[in-house]
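Take a look at the structure below.
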Amino acid sequence: MKLNHLHLNVPDVSKARNFYEEFLDFKLLFEHEPGVFLTDESGFQLALDPLGENERVDFPSWYHFGFCVESAEKVKSIYEKMKLGGVEFVHDYREYGSDAANFYCWAPGPYKMEITWNRD
């Protein structure tokens with residue numbers, strides 16, 4: 001079994017779509033008014049739909065979701081691209097010796113998101 005999709009409600013679907021396409025190389029899979037489904041190179045699907053009227057995103061401070069990439073260099077590359085793009089970070093890029101690297105940022109929603117690499 002594998003997790004194959006995540007469905008997020010966001011205040012602005014267009015802004016969220018641009019974020020995932022620009023920084024994480026997601027591609028449009030299909031549109032379903034008023035939202036979209038995006039996909040990455042592994043086939044993972046990310047659905048984005050607008051928040052309903054008077055709804056908001058509210059999670060405990062520890063809550064986040066993450067994307068694992070193939071190298072520490074890739075983590076740092078995404079971090080630098082997001083930094084130039086004005087993304088707000090929860091914590092900056094960190095390396096953990098030669099075994100891991102990560103950072104946390106705010107994705108549109110806002111949702112706390114981790115980009116990480118771990119040596120297997």
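Just so we're on the same page: first chain in the structure tokens is A, next is B, and so on; residues restart at 1 for each chain, and ligands are numbered from 1 in the order they show up.
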Which of stretch 83-113 of chain A fall in strand (DSSP E or B), as number ranges by chain: A: 89-96, 100-107, 111-113
Expected answer as JSON, numbers by chain: alpha helix (DSSP H) residues in chain A: {"A": [13, 14, 15, 16, 17, 18, 19, 20, 21, 22, 23, 24, 72, 73, 74, 75, 76, 77, 78, 79, 80, 81, 82, 83, 84]}
Please provide as a tab-separated table (two decimals) with all heavy atoms, in the first residue's frame all residues within 7 Å of A:Gln45, with the sequence filter that same-chain residues fewer than 3 positions apart are discarded (counting only C-alpha atoms).
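Full text of result_20.tsv as output:
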chain	number	residue	atom	x	y	z
A	4	ASN	N	-1.21	7.88	-1.93
A	4	ASN	CA	-1.12	8.38	-3.30
A	4	ASN	C	-1.66	9.79	-3.52
A	4	ASN	O	-1.50	10.33	-4.59
A	4	ASN	CB	-1.80	7.43	-4.27
A	4	ASN	CG	-3.32	7.44	-4.14
A	4	ASN	OD1	-3.86	7.96	-3.18
A	4	ASN	ND2	-3.99	6.88	-5.11
A	5	HIS	N	-2.33	10.37	-2.52
A	5	HIS	CA	-2.76	11.76	-2.72
A	5	HIS	C	-3.01	12.46	-1.39
A	5	HIS	O	-3.19	11.84	-0.36
A	5	HIS	CB	-3.99	11.84	-3.63
A	5	HIS	CG	-5.28	11.49	-2.96
A	5	HIS	ND1	-5.75	10.21	-2.83
A	5	HIS	CD2	-6.23	12.29	-2.41
A	5	HIS	CE1	-6.91	10.23	-2.20
A	5	HIS	NE2	-7.23	11.47	-1.94
A	6	LEU	N	-3.00	13.78	-1.49
A	6	LEU	CA	-3.29	14.66	-0.37
A	6	LEU	C	-4.25	15.72	-0.90
A	6	LEU	O	-4.02	16.28	-1.97
A	6	LEU	CB	-2.01	15.31	0.14
A	6	LEU	CG	-2.13	16.36	1.24
A	6	LEU	CD1	-2.68	15.73	2.53
A	6	LEU	CD2	-0.77	17.00	1.50
A	37	PHE	N	-6.13	19.14	-9.61
A	37	PHE	CA	-5.29	18.04	-9.17
A	37	PHE	C	-3.94	18.23	-9.84
A	37	PHE	O	-3.86	18.41	-11.06
A	37	PHE	CB	-5.87	16.68	-9.59
A	37	PHE	CG	-6.75	16.05	-8.57
A	37	PHE	CD1	-8.04	16.50	-8.39
A	37	PHE	CD2	-6.30	15.00	-7.78
A	37	PHE	CE1	-8.89	15.91	-7.46
A	37	PHE	CE2	-7.12	14.41	-6.83
A	37	PHE	CZ	-8.42	14.87	-6.66
A	38	LEU	N	-2.88	18.19	-9.05
A	38	LEU	CA	-1.51	18.27	-9.54
A	38	LEU	C	-0.85	16.92	-9.30
A	38	LEU	O	-1.31	16.13	-8.47
A	38	LEU	CB	-0.74	19.36	-8.79
A	38	LEU	CG	-1.37	20.76	-8.78
A	38	LEU	CD1	-0.55	21.69	-7.89
A	38	LEU	CD2	-1.48	21.31	-10.18
A	39	THR	N	0.25	16.67	-9.99
A	39	THR	CA	1.00	15.43	-9.77
A	39	THR	C	2.48	15.71	-9.86
A	39	THR	O	2.91	16.67	-10.50
A	39	THR	CB	0.57	14.35	-10.78
A	39	THR	OG1	1.15	13.09	-10.40
A	39	THR	CG2	0.98	14.69	-12.19
A	40	ASP	N	3.27	14.87	-9.19
A	40	ASP	CA	4.72	14.99	-9.27
A	40	ASP	C	5.29	13.83	-10.07
A	40	ASP	O	4.55	12.99	-10.58
A	40	ASP	CB	5.35	15.10	-7.88
A	40	ASP	CG	5.27	13.84	-7.05
A	40	ASP	OD1	4.84	12.78	-7.56
A	40	ASP	OD2	5.67	13.88	-5.87
Interatomic distance (Å, one decimal) between atom CA of A:His64 and atom CA of A:Trp106: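 Rounded to one decimal, the two atoms are 9.5 Å apart.
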Contacts of A:Tyr93 within 9 Å, only C-alpha atoms, excl. fewer than 6 positions in-chain, as a PyMOL selection string: chain A and resi 75-76+79-80+101-104
